[in-house]
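Colleague: The structure follows.
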Amino acid sequence: MRQLCKGNVAVIKGAMLAGCGAYYGYPITPASEIAEAAALYLPEYGGTFVQAESETASINMVYGASCAGVRVMTASSGPGLSLMQEGISYLAGAELPCVIVDVMRGGPGLGNIAPEQSDYFAMVKGGGHGNYRNLVVAPASVQEMADLTILAFELADKYRNPAIVLTDGFVGQMMEPLDLEFREIVAPEKPWAVKGTGETRKNMVSSIYLESDDLEEHQRRMEAKYIRAQQMETRSEEYCTSDAELVVVGFGIVSRILRSAVDEARKQGIKVGLFRPITLWPFPSQELAETALRAQRVLVVELSNGQMLEDVRLALDGKRPIEFYGRVGGNVPSIEELVAKIEEHVTAAV
Amino acid sequence: MSTHQVMTEKPMVSTDSYQVVHSKSGVFYSEYERKTDLKHQTHYCPGCGHGVIHKLVAEALDDLQVKDHTILVSPVGCSVFAYYYFDVGNVQVAHGRAPAAATGLKRACPDKLVVAYQGDGDLAAIGTAEIVHAANRGEKITVFFVNNAIYGMTGGQMAPTTLVGQRSTTSPWGRRPVNEGFPLHMCEMLASLEAPVYIERVALCDNKNIMRARRAIRKALELQRGGAGFTFVEILSPCPTIWGKDPIEARRWVGEKMVPSFPLNVFRDRKVEIPNNNVPPHKTVAELVEGEGKAGAHVALPHRQHLFHDLGIKIAGFGGQGVLLLGQLLAEMGMREGLEVSWLPSYGPEMRSGSAHCHVCLSKERVGSPLVSRPNVLIAMNEFSLHKFASQVVPGGLIIYSLGHLPEDFSAPQAQVVCIPAAEIADKLGSAKVANVVVMGALLEETECLSPGTAMQVLETKVKNPNLLEMDRKALDAGRVYIDHTVAVGAVTQADGFAQ
């Protein structure tokens with residue numbers, strides 16, 4: 001059923017469809033509507049909502065609920081995510097599934113509340129201590145805020161690992177039509193959970209491996225599942241890339257503006273196409289390489305100082321020249337600005 | 001003086017009057033398989049209070065027959081490995097966060113016993129916020145707080161409960177309040193809150209007090225089993241190794257030095273009546289997810305022939321003028337007319353009279369950028385917005401200015417400009433609040449981008465109060481009539497698809 005919905009609210013609508021049983025969170029602009037929607041909706045069907053005293057507490061409440069096998073989530077923006085990093089590392093170490101939404105804003109420090117994509121390193125590369133990965137999906141529309149939240153719950157359970165929905169203030173705040181239909185969720189078995197029952201009494205959730213060999217073995221096992229995720233879970237979208245000479249790469253809100261810029265540039269006869277990673281970890285390196293190798297050059301656009309850029313470089317391994325254009329501070333490039341950049345790079349190539 | 005000498009120098013207590021029974025609670029594992037070696041004994045030092053407390057907790061859980069219904073939350077500190085010993089559901093958590101994790105567990109398993117076991121660094125330093133707020137929410141958990149006035153596992157650093165003058169590796173000259181403040185009294189702090197049902201401080205200083213501790217531990221767990229609220233037992237506990245004392249001296253030190261600073265008391269023992277006014281679950285996920293969309297579905301709209309392919313609208317004014325709502329209404333109307341739409345607000349700290357604007361895209365295809373940098377239509381609800389955004393309007397675009405006439409110094413030669421004194425019109429209708437709907441009427445009449453019928457249908461689903469809805473209807477009509485009867489000001493270079 002089509003409804004006009006805010007991105008942040010769509011997250012909770014998706015979460016409900018995914019069988020989310022609990023939300024623990026702390027308000028922060030521009031993510032607060034997620035907590036507000038959770039507070040409004042979850043108790044109505046028997047779910048739990050608790051406003052925690054801090055993001056540190058939120059993520060540890062998530063930890064507790066996840067131990068008990070509940071599909072659980074939290075959401076915040078950059079400063080809150082910084083506080084959660086400790087808990088995310090514990091969740092990853094204890095192999096606990098959960099969904100964490102980061103509606104990115106300007107940083108570092110208090111920065112501002114306008115959109116940035118500058119938490120890429122913190123979310124995609126880690127941020128907490130130790131060897132672990134987050135599964136990261138990057139919605140670019142209100143529809144995807146719901147759909148990719150559902151996917152995040154599925155991936156989190158499948159890999160017993162935190163999954164991050166990495167988005168920004170614009171996608172969180174904007175409204176678009178949302179199509180959702182209720183379908184029954186088959187709750188995954190979690191024989192490892194600790195539920196205070198006779199059957200689960202033997203279970204223990206912990207990230208402690210005191211002996212070096214044990215911890216190494218644990219990490220090897222985690223590594224194996226990360227490799228599996230890299231083989232199975234990459235997702236991306238392409239637009240007008242089949243004959244493209246220039247491939248522009250952007251995720252989230254940037255990919256939307258790039259899409260419009262590609263349309264405009266094509267009107268001028270410029271052969272440009274868009275590659276949009278939907279999963280940021282695992283990064284769709286192979287897909288990107290195949291697309292980029294058909295073209296001559298690549299332009300990466302981000303609302304950051306060049307963070308995803310590093311993954312693009314790794315994916316292309318020097319085989320194509322890569323240019324970067326970033327806006328920061330909450331400034332979002334206009335279509336015209338990106339068309340000009342596209343023209344500049346095509347002209348430079350001639 | 002060695003421990004051995006101490007033991008032998010003292011007269012042995014006669015056991016004539018009682019029998020010594022060596023037994024282990026059934027809530028302990030028979031063998032500590034999770035330990036790497038010495039699986040028959042704990043990792044605690046001889047004389048450590050943790051061993052005693054573990055025994056008291058295990059016996060209580062056993063007696064209450066809740067072994068299969070208990071989840072123990074192990075902290076960080078010497079008791080980090082509590083899960084080695086207790087044959088219950090076990091969870092190990094980050095330093096200080098046990099009350100938060102216990103909250104998540106208890107809310108997930110409300111009829112189970114959730115027990116957090118924490119030391120003084122864990123609970124009273126790094127985890128102060130978590131314990132205070134779990135207590136304040138009245139989480140129905142039990143927290144055992146083991147206070148030995150020192151950091152044990154990390155090798156004897158100062159704790160928040162270290163006594164004034166007490167030496168530690170990080171207060172080598174003794175704790176000086178001028179630098180380190182005073183010992184923190186958790187029971188007293190928590191007793192200032194309304195929600196907790198039971199708070200007691202006990203001490204492992206002698207057998208009599210150990211029996212008191214036994215009763216307190218049992219009572220806390222029993223209360224939780226009965227569904228009572230937050231229960232908290234602080235146990236003053238010896239740490240012979242770090243204190244540099246033998247077990248008997250250490251036990252004596254608890255009574256002589258710690259008890260005067262941490263008075264033993266029942267700080268709270270009352271049933272707290274917290275009315276359960278939670279509304280019981282009464283909706284299905286399907287209802288919640290489909291929500292308003294379902295309501296809108298009753299309105300079957302024939303897809304209009306729209307004369308534009310894409311239309312970018314920017315609406316700007318003061319907060320409180322209904323700028324954002326106007327944009328939402330247009331987006332909703334577009335969606336109902338089968339278009340792809342997006343609405344993007346300027347968002348900022350909540351405040352009235354600040355500047356507000358939003359972007360609306362109506363398109364026959366998937367909307368690319370939701371950011372309207374070159375609007376086809378600008379609706380300027382104040383002079384500031386007119387000046388700020390007029391130059392962005394595309395050649396042949398339209399500016400609707402919601403005041404009677406343009407400022408003298410204003411010019412936008414590329415666009416058609418329509419002035420409408422929306423606030424005055426709305427005032428005459430009885431509420432300045434509907435000025436945004438007057439402007440919508442003007443927009444629909446001037447551009448025919450969307451149908452007034454759709455506007456009313458959307459307003460009908462959004463406005464529940466019939467009087468306000470009637471006002472909106474009048475405002476919409478008034479805006480349209482005004483345009484109908486008023487000559488547009490400025491250049492008239494029509495964009496494709498725009499009504500003359």
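To be explicit about the labels: the chains of the structure tokens are called A, B, and onward in the order shown, and within each one the residues are counted from 1, while ligands get numbers from 1 in the order they are shown.
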Within 9 Å of region 261-268 of chain B, counting only C-alpha atoms, which residues qualify if same-chain residues fewer than 2 places away don't, as a list in words?

Modeller: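 Result of the neighbour search: Leu163, Pro183, His185, Cys187, Glu188, Leu190, Ala191, Pro196, Val197, Tyr198, Ile199, Glu200, Arg201, Val202, Ala203, Leu236, Lys257, Met258, Val259 and Arg270 of chain B.
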
Colleague: Atoms to include: C-alpha atoms. Write the selected residues as a tab-separated table (two decimals), in the first residue's frame.

Modeller:
```tsv
chain	number	residue	atom	x	y	z
B	163	LEU	CA	38.51	5.01	51.75
B	183	PRO	CA	34.16	7.46	48.67
B	185	HIS	CA	27.96	5.68	48.67
B	187	CYS	CA	23.13	2.55	48.48
B	188	GLU	CA	22.49	6.03	49.77
B	190	LEU	CA	20.06	4.81	44.93
B	191	ALA	CA	17.86	5.18	48.01
B	196	PRO	CA	13.77	0.67	43.93
B	197	VAL	CA	12.00	-1.76	46.25
B	198	TYR	CA	14.93	-3.12	48.22
B	199	ILE	CA	18.36	-1.69	48.98
B	200	GLU	CA	20.58	-3.06	51.70
B	201	ARG	CA	24.26	-2.90	52.58
B	202	VAL	CA	25.82	-5.87	54.30
B	203	ALA	CA	29.40	-6.81	55.16
B	236	LEU	CA	31.43	-4.98	51.73
B	257	LYS	CA	37.60	0.35	58.47
B	258	MET	CA	34.93	-0.09	55.81
B	259	VAL	CA	31.80	-0.36	57.93
B	270	ARG	CA	8.99	-1.33	50.61
```

Colleague: Give me every alpha helix (DSSP H) residue in region 146-265 of chain A, going by DSSP on the backbone, as a ChimeraX atom specification.

Modeller: /A:146-159,169-173,212-232,253-265

Colleague: Compute the chain A side of the contact with chain B at 6 Å, counting only C-alpha atoms, and hand it back as a ChimeraX atom specification.

Modeller: /A:1-3,13,44-46,57,60-61,63-65,174-176,182,194,196-198,201,203-206,256-257,259-260

Colleague: Please, what distance in Å, to one decimal, runs between CA of Pro240 (chain B) and CA of Ser207 (chain A)?

Modeller: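 Pair CA of Pro240 (chain B) / CA of Ser207 (chain A) returns 29.0 Å.
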
Colleague: Between CA of Gly14 (chain A) and CA of Val99 (chain A), what is the distance in Å, rounded to a tenth?

Modeller: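 Between CA of Gly14 (chain A) and CA of Val99 (chain A) the gap is 11.6 Å.
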
Colleague: Please give the complete set of residues from region 322-482 of chain B that DSSP, run on the backbone, assigns to strand (DSSP E or B), formatted as a list of chain:residue names.

Modeller: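 DSSP on the backbone gives strand (DSSP E or B) at B:Glu340, B:Val341, B:Ser342, B:Trp343, B:Leu344, B:Pro345, B:Ser355, B:Ala356, B:His357, B:Cys358, B:His359, B:Val360, B:Cys361, B:Leu362, B:Ser363, B:Val377, B:Leu378, B:Ile379, B:Ala380, B:Leu398, B:Ile399, B:Ile400, B:Tyr401, B:Gln416, B:Val417, B:Val418, B:Cys419.
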
Colleague: For CA of Val463 (chain B) and CA of Val171 (chain A), quote the distance in Å rounded to one decimal.

Modeller: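 Straight-line distance from CA of Val463 (chain B) to CA of Val171 (chain A) works out to 26.6 Å.
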
Colleague: With distances taken over only C-alpha atoms, which residue among B:Leu221, B:Ile242, B:Ile126, B:Ser79 lies nearest Gln157 (chain B)?

Modeller: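 Under the stated criterion, the closest residue is B:Ile242.
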
Colleague: Which residue, A:Lys125, A:Arg320, A:Lys6, A:Arg294, has the smallest gap to Val272 (chain A) when you use only C-alpha atoms?

Modeller: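 For Val272 (chain A), the nearest of the given residues is A:Arg294.
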